[in-house]
Amino acid sequence: MWTLTILAIDVIILYMIVPFVITRIWGWGVVSRGDAAKGISFTFDDGPDPCYTPELLDLLNEHDVKATFFVLGKRAEQYPDLIQRMHREGHQIGIHNYTHTPNWIYSPWTNRRKQVDRTADIVERITGERPILYRPPWGLLNLGDLVFLRRSYRVVLWSVMVGDWKASVSAAQIKHDLLKKIKPGSIIVLHDNGDTPGADREAPLNMITGLEEVLKEIPRRGLKSQRVDELLNKEVSRIGEARSRVKHHGQINL
């Protein structure tokens, strides 16, 4: 009995804890900030949301900011018009799993097939372009992800987080914390959907309100908002050239 218990603990440590230390503490195998001297990236997780995402897109358009959206495949299926709008307006679309569930509960093969590749297929059918960026829910990878996912996707985490998924964090607090923490090369994570475990449904409203003031201040600091691929000095055309088996004829016409 004790042998099985010890074995189970060893498996948990190897499969869950070791990847956490490698990626979140050591920063190996993932990207948490960019190289651009004057660039920053705003990224948004958990969407699209029919209430908050259009308002956010309007705000970004008003300030001529291009962002990166790490979307859930299930919600992309539900709201393909919002995915197409993101793409049409020049934003980058990355993957945040099909559902907002931690990678720790899946085998590497199941996670890739049913969560990551499935979402990439959905986005590609809508936009004609296949995502190459991936952010796991809660930033948690399993051991297999470090081996299998990194062959096809760039894993992107963050360097700035302000707790905007909680309604108790006010717009004023979000503004204050963002302006305090943002530095050249920052990758900022925010959330345009509050319908996920641990989040508050109305929280994105505070985020959008606080972000509006931040977007006014960023240019005054000499900082430029960029998509993550631009911040990482990657060829933008690489995304357009990355095609899967669905090709152009798989695109959804809305």
# chains A, B, ... in the order shown; residues from 1 in each chain; ligands from 1
$ residues_around --residues "A:Pro137" --least-positions-apart "3" --cutoff "10 Å" --atoms "only C-alpha atoms" --output "PyMOL selection string"
chain A and resi 45-46+70+72+95-97+99-103+134+140-141+157
$ write_last_selection --atoms "N, CA, C and O atoms" --output "short mmCIF file (atom, residue, chain, number, x, y, z; two decimals), in the first residue's frame"
data_model
loop_
_atom_site.label_atom_id
_atom_site.label_comp_id
_atom_site.auth_asym_id
_atom_site.auth_seq_id
_atom_site.Cartn_x
_atom_site.Cartn_y
_atom_site.Cartn_z
N ASP A 45 -7.55 36.37 -22.43
CA ASP A 45 -7.87 34.95 -22.31
C ASP A 45 -9.37 34.72 -22.15
O ASP A 45 -10.11 35.60 -21.71
N ASP A 46 -9.79 33.48 -22.46
CA ASP A 46 -11.08 32.90 -22.08
C ASP A 46 -12.24 33.23 -23.00
O ASP A 46 -13.33 32.69 -22.85
N PHE A 70 -6.21 34.69 -26.72
CA PHE A 70 -6.11 33.25 -26.51
C PHE A 70 -7.52 32.73 -26.23
O PHE A 70 -8.06 32.90 -25.14
N LEU A 72 -10.95 30.09 -26.28
CA LEU A 72 -11.42 28.73 -26.01
C LEU A 72 -12.14 28.21 -27.25
O LEU A 72 -13.00 28.89 -27.81
N ILE A 95 -4.42 29.90 -28.91
CA ILE A 95 -5.23 28.80 -28.37
C ILE A 95 -5.16 28.80 -26.84
O ILE A 95 -4.09 28.96 -26.26
N HIS A 96 -6.33 28.57 -26.23
CA HIS A 96 -6.41 28.48 -24.76
C HIS A 96 -7.18 27.22 -24.36
O HIS A 96 -7.92 27.22 -23.36
N ASN A 97 -7.02 26.17 -25.14
CA ASN A 97 -7.74 24.89 -24.98
C ASN A 97 -9.17 24.99 -25.50
O ASN A 97 -9.69 26.08 -25.72
N THR A 99 -11.84 23.69 -23.80
CA THR A 99 -12.55 24.09 -22.59
C THR A 99 -11.53 24.56 -21.56
O THR A 99 -10.36 24.20 -21.63
N HIS A 100 -11.98 25.33 -20.60
CA HIS A 100 -11.06 25.90 -19.61
C HIS A 100 -10.82 24.88 -18.50
O HIS A 100 -11.27 25.04 -17.36
N THR A 101 -10.07 23.86 -18.83
CA THR A 101 -9.72 22.81 -17.88
C THR A 101 -8.21 22.63 -17.85
O THR A 101 -7.54 22.81 -18.87
N PRO A 102 -7.65 22.31 -16.69
CA PRO A 102 -6.19 22.22 -16.57
C PRO A 102 -5.61 21.01 -17.30
O PRO A 102 -6.19 19.93 -17.31
N ASN A 103 -4.45 21.21 -17.88
CA ASN A 103 -3.77 20.14 -18.60
C ASN A 103 -3.36 18.99 -17.69
O ASN A 103 -3.10 17.88 -18.16
N TYR A 134 0.12 29.24 -28.08
CA TYR A 134 -0.70 28.48 -27.14
C TYR A 134 -0.45 28.95 -25.72
O TYR A 134 0.70 29.13 -25.31
N LEU A 140 -0.72 26.18 -16.69
CA LEU A 140 -0.26 24.89 -16.18
C LEU A 140 -0.05 23.90 -17.32
O LEU A 140 -0.98 23.56 -18.04
N LEU A 141 1.17 23.43 -17.45
CA LEU A 141 1.52 22.41 -18.44
C LEU A 141 1.81 21.09 -17.74
O LEU A 141 2.24 21.07 -16.59
N LEU A 157 3.23 32.57 -21.88
CA LEU A 157 2.64 32.86 -20.58
C LEU A 157 2.52 34.38 -20.44
O LEU A 157 1.98 35.02 -21.31
#
$ residues_around --residues "stretch 167-178 of chain A" --least-positions-apart "3" --cutoff "8 Å" --atoms "only C-alpha atoms" --output "PyMOL selection string"
chain A and resi 160+162-164+181-182+200-204+206-211+213-214
$ write_last_selection --atoms "C-alpha atoms" --output "CSV table (one decimal), in the first residue's frame"
chain,number,residue,atom,x,y,z
A,160,VAL,CA,2.0,41.1,-15.9
A,162,VAL,CA,-3.6,42.1,-12.2
A,163,GLY,CA,-6.4,39.7,-11.0
A,164,ASP,CA,-8.9,41.2,-13.3
A,181,LYS,CA,3.8,46.9,-13.6
A,182,ILE,CA,4.0,47.4,-17.4
A,200,ASP,CA,-16.8,36.5,-11.8
A,201,ARG,CA,-19.2,37.0,-14.7
A,202,GLU,CA,-19.2,40.8,-14.5
A,203,ALA,CA,-15.5,41.2,-14.0
A,204,PRO,CA,-14.6,42.0,-17.6
A,206,ASN,CA,-14.0,46.6,-14.8
A,207,MET,CA,-11.2,45.4,-16.9
A,208,ILE,CA,-12.4,47.2,-20.0
A,209,THR,CA,-13.0,50.4,-18.0
A,210,GLY,CA,-9.6,50.3,-16.4
A,211,LEU,CA,-7.9,49.4,-19.7
A,213,GLU,CA,-7.3,54.8,-19.2
A,214,VAL,CA,-4.2,52.6,-19.6
$ select_by_dssp --residues "stretch 27-100 of chain A" --states "strand (DSSP E)" --output "PyMOL selection string"
chain A and resi 39-45+68-71+92-95
$ closest_residue --among "A:Lys183, A:Tyr98, A:Phe44, A:Thr127" --to "A:Pro80" --atoms "only C-alpha atoms"
A:Thr127
$ closest_residue --among "A:Gln226, A:Gln84, A:Gln92, A:Ser186" --to "A:Val31" --atoms "only C-alpha atoms"
A:Ser186
$ closest_residue --among "A:Ile22, A:Ile188, A:Ile83, A:Trp158" --to "A:Gly139" --atoms "only C-alpha atoms"
A:Trp158
$ residues_around --residues "A:Pro184" --least-positions-apart "6" --cutoff "12 Å" --atoms "only C-alpha atoms" --output "short mmCIF file (atom, residue, chain, number, x, y, z; two decimals) with all heavy atoms, in the first residue's frame"
data_model
loop_
_atom_site.label_atom_id
_atom_site.label_comp_id
_atom_site.auth_asym_id
_atom_site.auth_seq_id
_atom_site.Cartn_x
_atom_site.Cartn_y
_atom_site.Cartn_z
N ARG A 33 7.93 37.14 -21.68
CA ARG A 33 8.09 38.55 -22.02
C ARG A 33 8.79 38.63 -23.37
O ARG A 33 9.37 37.66 -23.85
CB ARG A 33 8.87 39.32 -20.95
CG ARG A 33 10.25 38.83 -20.66
CD ARG A 33 10.91 39.65 -19.56
NE ARG A 33 11.04 41.05 -19.96
CZ ARG A 33 10.30 42.04 -19.43
NH1 ARG A 33 9.41 41.79 -18.50
NH2 ARG A 33 10.47 43.28 -19.82
N GLY A 34 8.74 39.81 -23.97
CA GLY A 34 9.31 39.97 -25.30
C GLY A 34 10.67 40.63 -25.30
O GLY A 34 11.16 41.08 -24.26
N ASP A 35 11.24 40.75 -26.50
CA ASP A 35 12.57 41.32 -26.66
C ASP A 35 12.52 42.78 -27.12
O ASP A 35 13.52 43.47 -27.08
CB ASP A 35 13.36 40.51 -27.70
CG ASP A 35 13.53 39.06 -27.29
OD1 ASP A 35 13.68 38.83 -26.08
OD2 ASP A 35 13.50 38.18 -28.16
N ALA A 36 11.37 43.22 -27.61
CA ALA A 36 11.28 44.56 -28.16
C ALA A 36 11.58 45.61 -27.10
O ALA A 36 11.01 45.59 -26.01
CB ALA A 36 9.90 44.79 -28.77
N ALA A 37 12.46 46.56 -27.44
CA ALA A 37 12.89 47.56 -26.46
C ALA A 37 11.75 48.47 -26.03
O ALA A 37 11.69 48.90 -24.89
CB ALA A 37 14.03 48.38 -27.04
N LYS A 38 10.85 48.78 -26.94
CA LYS A 38 9.77 49.71 -26.63
C LYS A 38 8.39 49.09 -26.84
O LYS A 38 7.39 49.79 -26.86
CB LYS A 38 9.89 50.98 -27.49
CG LYS A 38 11.11 51.83 -27.20
CD LYS A 38 11.03 52.43 -25.80
CE LYS A 38 12.24 53.33 -25.52
NZ LYS A 38 12.17 53.94 -24.18
N GLY A 39 8.32 47.78 -27.00
CA GLY A 39 7.05 47.13 -27.28
C GLY A 39 6.46 46.44 -26.06
O GLY A 39 7.17 46.02 -25.14
N ILE A 40 5.14 46.32 -26.05
CA ILE A 40 4.42 45.53 -25.05
C ILE A 40 3.29 44.81 -25.77
O ILE A 40 2.91 45.20 -26.88
CB ILE A 40 3.84 46.41 -23.91
CG1 ILE A 40 2.83 47.41 -24.48
CG2 ILE A 40 4.95 47.11 -23.16
CD1 ILE A 40 2.08 48.19 -23.42
N SER A 41 2.76 43.77 -25.16
CA SER A 41 1.65 43.04 -25.76
C SER A 41 0.52 42.88 -24.75
O SER A 41 0.72 42.37 -23.65
CB SER A 41 2.10 41.65 -26.22
OG SER A 41 2.82 41.73 -27.43
N SER A 159 4.03 38.25 -18.16
CA SER A 159 4.88 38.89 -17.15
C SER A 159 4.09 39.87 -16.28
O SER A 159 4.59 40.32 -15.26
CB SER A 159 6.04 39.63 -17.82
OG SER A 159 5.57 40.59 -18.74
N VAL A 160 2.85 40.20 -16.70
CA VAL A 160 2.01 41.11 -15.93
C VAL A 160 0.62 40.51 -15.77
O VAL A 160 -0.03 40.16 -16.75
CB VAL A 160 1.90 42.49 -16.61
CG1 VAL A 160 0.91 43.38 -15.85
CG2 VAL A 160 3.26 43.17 -16.69
N ILE A 218 -0.25 54.72 -22.30
CA ILE A 218 0.86 53.95 -22.87
C ILE A 218 1.67 54.74 -23.91
O ILE A 218 2.91 54.77 -23.84
CB ILE A 218 0.34 52.63 -23.47
CG1 ILE A 218 -0.12 51.68 -22.35
CG2 ILE A 218 1.41 51.95 -24.33
CD1 ILE A 218 0.98 51.31 -21.37
N PRO A 219 1.03 55.39 -24.89
CA PRO A 219 1.83 56.14 -25.87
C PRO A 219 2.65 57.26 -25.25
O PRO A 219 3.74 57.59 -25.72
CB PRO A 219 0.77 56.70 -26.83
CG PRO A 219 -0.42 55.80 -26.66
CD PRO A 219 -0.41 55.42 -25.22
N ARG A 221 4.21 57.16 -22.61
CA ARG A 221 5.42 56.56 -22.05
C ARG A 221 6.37 56.06 -23.14
O ARG A 221 7.40 55.46 -22.84
CB ARG A 221 5.05 55.40 -21.13
CG ARG A 221 4.23 55.82 -19.93
CD ARG A 221 4.05 54.68 -18.95
NE ARG A 221 3.36 55.10 -17.74
CZ ARG A 221 3.23 54.35 -16.65
NH1 ARG A 221 3.76 53.13 -16.63
NH2 ARG A 221 2.59 54.80 -15.59
N GLY A 222 6.03 56.31 -24.38
CA GLY A 222 6.88 55.89 -25.48
C GLY A 222 6.80 54.41 -25.78
O GLY A 222 7.69 53.86 -26.46
N LEU A 223 5.74 53.75 -25.30
CA LEU A 223 5.58 52.32 -25.53
C LEU A 223 4.60 52.06 -26.68
O LEU A 223 3.62 52.79 -26.85
CB LEU A 223 5.07 51.64 -24.26
CG LEU A 223 6.02 51.67 -23.06
CD1 LEU A 223 5.33 51.16 -21.82
CD2 LEU A 223 7.28 50.88 -23.35
N LYS A 224 4.85 51.02 -27.42
CA LYS A 224 3.99 50.65 -28.55
C LYS A 224 3.36 49.29 -28.27
O LYS A 224 4.05 48.34 -27.91
CB LYS A 224 4.81 50.58 -29.84
CG LYS A 224 3.97 50.21 -31.07
CD LYS A 224 4.82 50.16 -32.31
CE LYS A 224 3.98 49.77 -33.53
NZ LYS A 224 4.82 49.68 -34.75
N SER A 225 2.05 49.21 -28.45
CA SER A 225 1.34 47.94 -28.25
C SER A 225 1.44 47.10 -29.53
O SER A 225 1.14 47.59 -30.62
CB SER A 225 -0.13 48.20 -27.92
OG SER A 225 -0.24 48.94 -26.73
N GLN A 226 1.86 45.84 -29.37
CA GLN A 226 2.06 44.95 -30.49
C GLN A 226 1.42 43.60 -30.24
O GLN A 226 1.20 43.21 -29.09
CB GLN A 226 3.57 44.73 -30.75
CG GLN A 226 4.35 45.99 -31.04
CD GLN A 226 5.84 45.70 -31.15
OE1 GLN A 226 6.44 45.12 -30.25
NE2 GLN A 226 6.43 46.10 -32.27
N LEU A 231 6.02 41.23 -31.05
CA LEU A 231 6.85 41.49 -29.88
C LEU A 231 8.02 40.51 -29.81
O LEU A 231 9.12 40.86 -29.37
CB LEU A 231 6.02 41.38 -28.61
CG LEU A 231 6.72 41.78 -27.30
CD1 LEU A 231 6.93 43.29 -27.25
CD2 LEU A 231 5.92 41.32 -26.09
#
$ select_by_dssp --residues "stretch 44-229 of chain A" --states "alpha helix (DSSP H)" --output "tab-separated table (two decimals) with N, CA and C atoms, in the first residue's frame"
chain	number	residue	atom	x	y	z
A	52	TYR	N	-18.84	41.16	-23.79
A	52	TYR	CA	-17.66	41.97	-23.51
A	52	TYR	C	-16.67	42.07	-24.68
A	53	THR	N	-16.53	41.01	-25.47
A	53	THR	CA	-15.52	41.04	-26.54
A	53	THR	C	-15.80	42.12	-27.57
A	54	PRO	N	-17.04	42.33	-28.03
A	54	PRO	CA	-17.27	43.43	-28.98
A	54	PRO	C	-16.89	44.80	-28.41
A	55	GLU	N	-17.21	45.01	-27.14
A	55	GLU	CA	-16.86	46.28	-26.50
A	55	GLU	C	-15.35	46.44	-26.42
A	56	LEU	N	-14.66	45.36	-26.11
A	56	LEU	CA	-13.20	45.40	-26.05
A	56	LEU	C	-12.61	45.67	-27.42
A	57	LEU	N	-13.13	45.01	-28.45
A	57	LEU	CA	-12.63	45.23	-29.81
A	57	LEU	C	-12.86	46.68	-30.25
A	58	ASP	N	-13.99	47.26	-29.88
A	58	ASP	CA	-14.24	48.66	-30.18
A	58	ASP	C	-13.18	49.55	-29.52
A	59	LEU	N	-12.86	49.25	-28.27
A	59	LEU	CA	-11.87	50.04	-27.53
A	59	LEU	C	-10.49	49.92	-28.17
A	60	LEU	N	-10.09	48.72	-28.51
A	60	LEU	CA	-8.78	48.51	-29.14
A	60	LEU	C	-8.72	49.23	-30.49
A	61	ASN	N	-9.80	49.17	-31.24
A	61	ASN	CA	-9.84	49.85	-32.54
A	61	ASN	C	-9.73	51.36	-32.37
A	62	GLU	N	-10.39	51.89	-31.36
A	62	GLU	CA	-10.35	53.33	-31.10
A	62	GLU	C	-8.94	53.81	-30.84
A	73	GLY	N	-11.80	26.99	-27.66
A	73	GLY	CA	-12.39	26.43	-28.87
A	73	GLY	C	-13.89	26.32	-28.82
A	74	LYS	N	-14.42	25.95	-27.66
A	74	LYS	CA	-15.86	25.79	-27.53
A	74	LYS	C	-16.57	27.12	-27.76
A	75	ARG	N	-16.01	28.20	-27.25
A	75	ARG	CA	-16.62	29.51	-27.43
A	75	ARG	C	-16.40	30.04	-28.83
A	76	ALA	N	-15.29	29.66	-29.45
A	76	ALA	CA	-15.07	30.04	-30.85
A	76	ALA	C	-16.13	29.40	-31.75
A	77	GLU	N	-16.50	28.15	-31.45
A	77	GLU	CA	-17.57	27.49	-32.19
A	77	GLU	C	-18.89	28.22	-32.01
A	78	GLN	N	-19.15	28.70	-30.80
A	78	GLN	CA	-20.41	29.38	-30.51
A	78	GLN	C	-20.49	30.77	-31.12
A	80	PRO	N	-18.45	32.36	-33.91
A	80	PRO	CA	-17.46	32.46	-34.99
A	80	PRO	C	-17.37	33.87	-35.57
A	81	ASP	N	-18.46	34.63	-35.48
A	81	ASP	CA	-18.42	35.99	-36.00
A	81	ASP	C	-17.43	36.86	-35.25
A	82	LEU	N	-17.28	36.61	-33.93
A	82	LEU	CA	-16.31	37.38	-33.15
A	82	LEU	C	-14.89	36.96	-33.48
A	83	ILE	N	-14.68	35.68	-33.72
A	83	ILE	CA	-13.34	35.22	-34.14
A	83	ILE	C	-12.98	35.84	-35.47
A	84	GLN	N	-13.94	35.86	-36.38
A	84	GLN	CA	-13.66	36.45	-37.69
A	84	GLN	C	-13.40	37.95	-37.58
A	85	ARG	N	-14.12	38.61	-36.68
A	85	ARG	CA	-13.88	40.04	-36.48
A	85	ARG	C	-12.48	40.29	-35.93
A	86	MET	N	-12.05	39.51	-34.93
A	86	MET	CA	-10.69	39.64	-34.41
A	86	MET	C	-9.68	39.55	-35.55
A	87	HIS	N	-9.86	38.54	-36.37
A	87	HIS	CA	-8.93	38.30	-37.48
A	87	HIS	C	-8.99	39.44	-38.49
A	88	ARG	N	-10.17	39.87	-38.82
A	88	ARG	CA	-10.35	40.92	-39.83
A	88	ARG	C	-9.74	42.24	-39.38
A	108	PRO	N	-0.97	13.56	-22.24
A	108	PRO	CA	-0.45	14.48	-23.26
A	108	PRO	C	-1.16	14.31	-24.60
A	109	TRP	N	-1.47	13.07	-24.97
A	109	TRP	CA	-2.09	12.81	-26.27
A	109	TRP	C	-3.53	13.31	-26.29
A	110	THR	N	-4.25	13.07	-25.21
A	110	THR	CA	-5.63	13.54	-25.12
A	110	THR	C	-5.68	15.06	-25.13
A	111	ASN	N	-4.80	15.69	-24.38
A	111	ASN	CA	-4.79	17.15	-24.32
A	111	ASN	C	-4.52	17.74	-25.69
A	117	ASP	N	-5.19	20.87	-30.60
A	117	ASP	CA	-5.38	20.74	-32.05
A	117	ASP	C	-6.84	20.97	-32.45
A	118	ARG	N	-7.76	20.53	-31.62
A	118	ARG	CA	-9.18	20.73	-31.90
A	118	ARG	C	-9.50	22.21	-32.00
A	119	THR	N	-8.97	23.00	-31.09
A	119	THR	CA	-9.20	24.44	-31.13
A	119	THR	C	-8.51	25.07	-32.33
A	120	ALA	N	-7.30	24.63	-32.63
A	120	ALA	CA	-6.59	25.16	-33.80
A	120	ALA	C	-7.38	24.90	-35.08
A	121	ASP	N	-7.97	23.70	-35.18
A	121	ASP	CA	-8.79	23.37	-36.34
A	121	ASP	C	-9.99	24.30	-36.46
A	122	ILE	N	-10.63	24.58	-35.32
A	122	ILE	CA	-11.81	25.45	-35.32
A	122	ILE	C	-11.45	26.85	-35.78
A	123	VAL	N	-10.39	27.40	-35.22
A	123	VAL	CA	-9.97	28.76	-35.59
A	123	VAL	C	-9.58	28.81	-37.06
A	124	GLU	N	-8.91	27.78	-37.54
A	124	GLU	CA	-8.49	27.77	-38.93
A	124	GLU	C	-9.67	27.69	-39.88
A	125	ARG	N	-10.68	26.92	-39.50
A	125	ARG	CA	-11.87	26.84	-40.35
A	125	ARG	C	-12.58	28.19	-40.45
A	126	ILE	N	-12.50	28.98	-39.39
A	126	ILE	CA	-13.17	30.28	-39.38
A	126	ILE	C	-12.36	31.34	-40.10
A	127	THR	N	-11.05	31.37	-39.87
A	127	THR	CA	-10.21	32.46	-40.38
A	127	THR	C	-9.37	32.10	-41.59
A	143	LEU	N	3.95	17.27	-18.14
A	143	LEU	CA	5.27	16.89	-18.65
A	143	LEU	C	5.24	16.61	-20.15
A	144	GLY	N	4.17	15.97	-20.60
A	144	GLY	CA	4.07	15.65	-22.02
A	144	GLY	C	3.96	16.89	-22.89
A	145	ASP	N	3.33	17.94	-22.38
A	145	ASP	CA	3.21	19.17	-23.16
A	145	ASP	C	4.57	19.72	-23.54
A	146	LEU	N	5.52	19.61	-22.62
A	146	LEU	CA	6.85	20.15	-22.89
A	146	LEU	C	7.54	19.42	-24.04
A	147	VAL	N	7.11	18.17	-24.27
A	147	VAL	CA	7.71	17.37	-25.33
A	147	VAL	C	6.93	17.51	-26.63
A	148	PHE	N	5.60	17.36	-26.56
A	148	PHE	CA	4.79	17.24	-27.77
A	148	PHE	C	4.26	18.58	-28.29
A	171	ALA	N	-11.96	48.96	-11.44
A	171	ALA	CA	-11.33	49.52	-12.63
A	171	ALA	C	-10.15	50.40	-12.25
A	172	ALA	N	-10.30	51.17	-11.18
A	172	ALA	CA	-9.21	52.03	-10.72
A	172	ALA	C	-8.00	51.22	-10.28
A	173	GLN	N	-8.24	50.09	-9.61
A	173	GLN	CA	-7.13	49.24	-9.18
A	173	GLN	C	-6.44	48.59	-10.36
A	174	ILE	N	-7.23	48.16	-11.35
A	174	ILE	CA	-6.66	47.57	-12.56
A	174	ILE	C	-5.77	48.59	-13.27
A	175	LYS	N	-6.27	49.81	-13.42
A	175	LYS	CA	-5.47	50.86	-14.05
A	175	LYS	C	-4.17	51.09	-13.27
A	176	HIS	N	-4.27	51.23	-11.97
A	176	HIS	CA	-3.10	51.50	-11.14
A	176	HIS	C	-2.07	50.38	-11.27
A	177	ASP	N	-2.52	49.14	-11.16
A	177	ASP	CA	-1.59	48.00	-11.18
A	177	ASP	C	-0.95	47.83	-12.56
A	178	LEU	N	-1.73	48.04	-13.61
A	178	LEU	CA	-1.16	47.90	-14.95
A	178	LEU	C	-0.08	48.96	-15.20
A	179	LEU	N	-0.39	50.19	-14.88
A	179	LEU	CA	0.58	51.26	-15.13
A	179	LEU	C	1.82	51.10	-14.25
A	180	LYS	N	1.67	50.50	-13.09
A	180	LYS	CA	2.82	50.26	-12.21
A	180	LYS	C	3.70	49.13	-12.72
A	181	LYS	N	3.08	48.09	-13.30
A	181	LYS	CA	3.82	46.88	-13.64
A	181	LYS	C	4.32	46.84	-15.09
A	203	ALA	N	-16.83	40.63	-14.14
A	203	ALA	CA	-15.48	41.19	-13.97
A	203	ALA	C	-14.93	41.88	-15.21
A	204	PRO	N	-15.15	41.37	-16.43
A	204	PRO	CA	-14.56	42.04	-17.60
A	204	PRO	C	-14.97	43.50	-17.77
A	205	LEU	N	-16.10	43.88	-17.20
A	205	LEU	CA	-16.51	45.28	-17.32
A	205	LEU	C	-15.50	46.20	-16.63
A	206	ASN	N	-15.04	45.82	-15.46
A	206	ASN	CA	-14.01	46.60	-14.77
A	206	ASN	C	-12.71	46.60	-15.56
A	207	MET	N	-12.40	45.45	-16.14
A	207	MET	CA	-11.17	45.36	-16.94
A	207	MET	C	-11.20	46.35	-18.10
A	208	ILE	N	-12.29	46.37	-18.84
A	208	ILE	CA	-12.39	47.25	-20.01
A	208	ILE	C	-12.35	48.72	-19.59
A	209	THR	N	-13.02	49.05	-18.51
A	209	THR	CA	-13.02	50.43	-18.02
A	209	THR	C	-11.63	50.87	-17.59
A	210	GLY	N	-10.93	50.02	-16.85
A	210	GLY	CA	-9.57	50.35	-16.43
A	210	GLY	C	-8.60	50.40	-17.59
A	211	LEU	N	-8.78	49.47	-18.55
A	211	LEU	CA	-7.88	49.40	-19.70
A	211	LEU	C	-7.98	50.66	-20.56
A	212	GLU	N	-9.16	51.24	-20.63
A	212	GLU	CA	-9.34	52.45	-21.45
A	212	GLU	C	-8.38	53.55	-21.02
A	213	GLU	N	-8.25	53.72	-19.72
A	213	GLU	CA	-7.34	54.76	-19.22
A	213	GLU	C	-5.88	54.38	-19.45
A	214	VAL	N	-5.58	53.10	-19.36
A	214	VAL	CA	-4.20	52.64	-19.59
A	214	VAL	C	-3.79	52.87	-21.04
A	215	LEU	N	-4.69	52.60	-21.97
A	215	LEU	CA	-4.37	52.77	-23.39
A	215	LEU	C	-4.11	54.23	-23.74
A	216	LYS	N	-4.67	55.14	-22.99
A	216	LYS	CA	-4.38	56.56	-23.20
A	216	LYS	C	-2.97	56.93	-22.73
A	217	GLU	N	-2.51	56.24	-21.68
A	217	GLU	CA	-1.23	56.57	-21.07
A	217	GLU	C	-0.04	55.91	-21.76
A	228	VAL	N	1.69	39.54	-30.03
A	228	VAL	CA	2.78	38.77	-29.42
A	228	VAL	C	3.80	38.35	-30.47
A	229	ASP	N	3.35	37.93	-31.65
A	229	ASP	CA	4.32	37.50	-32.66
A	229	ASP	C	5.24	38.64	-33.07
$ closest_residue --among "A:Arg113, A:Arg135, A:Arg151, A:Arg220" --to "A:Val71" --atoms "only C-alpha atoms"
A:Arg135
$ decode --residues "stretch 94-98 of chain A" --atoms "all heavy atoms" --output "PDB file, in the first residue's frame"
ATOM      1  N   GLY A  94      -4.688  33.093 -30.627  1.00  0.00           N
ATOM      2  CA  GLY A  94      -3.970  31.949 -30.093  1.00  0.00           C
ATOM      3  C   GLY A  94      -4.945  30.971 -29.449  1.00  0.00           C
ATOM      4  O   GLY A  94      -6.162  31.209 -29.415  1.00  0.00           O
ATOM      5  N   ILE A  95      -4.421  29.898 -28.908  1.00  0.00           N
ATOM      6  CA  ILE A  95      -5.230  28.800 -28.367  1.00  0.00           C
ATOM      7  C   ILE A  95      -5.162  28.797 -26.840  1.00  0.00           C
ATOM      8  O   ILE A  95      -4.091  28.960 -26.256  1.00  0.00           O
ATOM      9  CB  ILE A  95      -4.721  27.456 -28.911  1.00  0.00           C
ATOM     10  CG1 ILE A  95      -4.778  27.443 -30.439  1.00  0.00           C
ATOM     11  CG2 ILE A  95      -5.528  26.287 -28.347  1.00  0.00           C
ATOM     12  CD1 ILE A  95      -3.947  26.333 -31.052  1.00  0.00           C
ATOM     13  N   HIS A  96      -6.326  28.570 -26.227  1.00  0.00           N
ATOM     14  CA  HIS A  96      -6.412  28.485 -24.758  1.00  0.00           C
ATOM     15  C   HIS A  96      -7.180  27.222 -24.356  1.00  0.00           C
ATOM     16  O   HIS A  96      -7.918  27.222 -23.364  1.00  0.00           O
ATOM     17  CB  HIS A  96      -7.105  29.737 -24.222  1.00  0.00           C
ATOM     18  CG  HIS A  96      -6.886  30.002 -22.761  1.00  0.00           C
ATOM     19  ND1 HIS A  96      -5.638  29.940 -22.163  1.00  0.00           N
ATOM     20  CD2 HIS A  96      -7.752  30.347 -21.771  1.00  0.00           C
ATOM     21  CE1 HIS A  96      -5.753  30.237 -20.878  1.00  0.00           C
ATOM     22  NE2 HIS A  96      -7.024  30.476 -20.608  1.00  0.00           N
ATOM     23  N   ASN A  97      -7.016  26.167 -25.141  1.00  0.00           N
ATOM     24  CA  ASN A  97      -7.738  24.890 -24.981  1.00  0.00           C
ATOM     25  C   ASN A  97      -9.174  24.995 -25.503  1.00  0.00           C
ATOM     26  O   ASN A  97      -9.691  26.081 -25.723  1.00  0.00           O
ATOM     27  CB  ASN A  97      -7.731  24.380 -23.537  1.00  0.00           C
ATOM     28  CG  ASN A  97      -6.463  23.614 -23.212  1.00  0.00           C
ATOM     29  OD1 ASN A  97      -5.557  23.528 -24.036  1.00  0.00           O
ATOM     30  ND2 ASN A  97      -6.388  23.053 -22.017  1.00  0.00           N
ATOM     31  N   TYR A  98      -9.792  23.838 -25.687  1.00  0.00           N
ATOM     32  CA  TYR A  98     -11.184  23.800 -26.138  1.00  0.00           C
ATOM     33  C   TYR A  98     -12.118  24.194 -24.994  1.00  0.00           C
ATOM     34  O   TYR A  98     -13.063  24.947 -25.179  1.00  0.00           O
ATOM     35  CB  TYR A  98     -11.534  22.412 -26.652  1.00  0.00           C
ATOM     36  CG  TYR A  98     -12.945  22.308 -27.172  1.00  0.00           C
ATOM     37  CD1 TYR A  98     -13.279  22.822 -28.428  1.00  0.00           C
ATOM     38  CD2 TYR A  98     -13.948  21.708 -26.417  1.00  0.00           C
ATOM     39  CE1 TYR A  98     -14.585  22.752 -28.900  1.00  0.00           C
ATOM     40  CE2 TYR A  98     -15.251  21.642 -26.880  1.00  0.00           C
ATOM     41  CZ  TYR A  98     -15.560  22.160 -28.124  1.00  0.00           C
ATOM     42  OH  TYR A  98     -16.852  22.099 -28.576  1.00  0.00           O
TER      43      TYR A  98
END
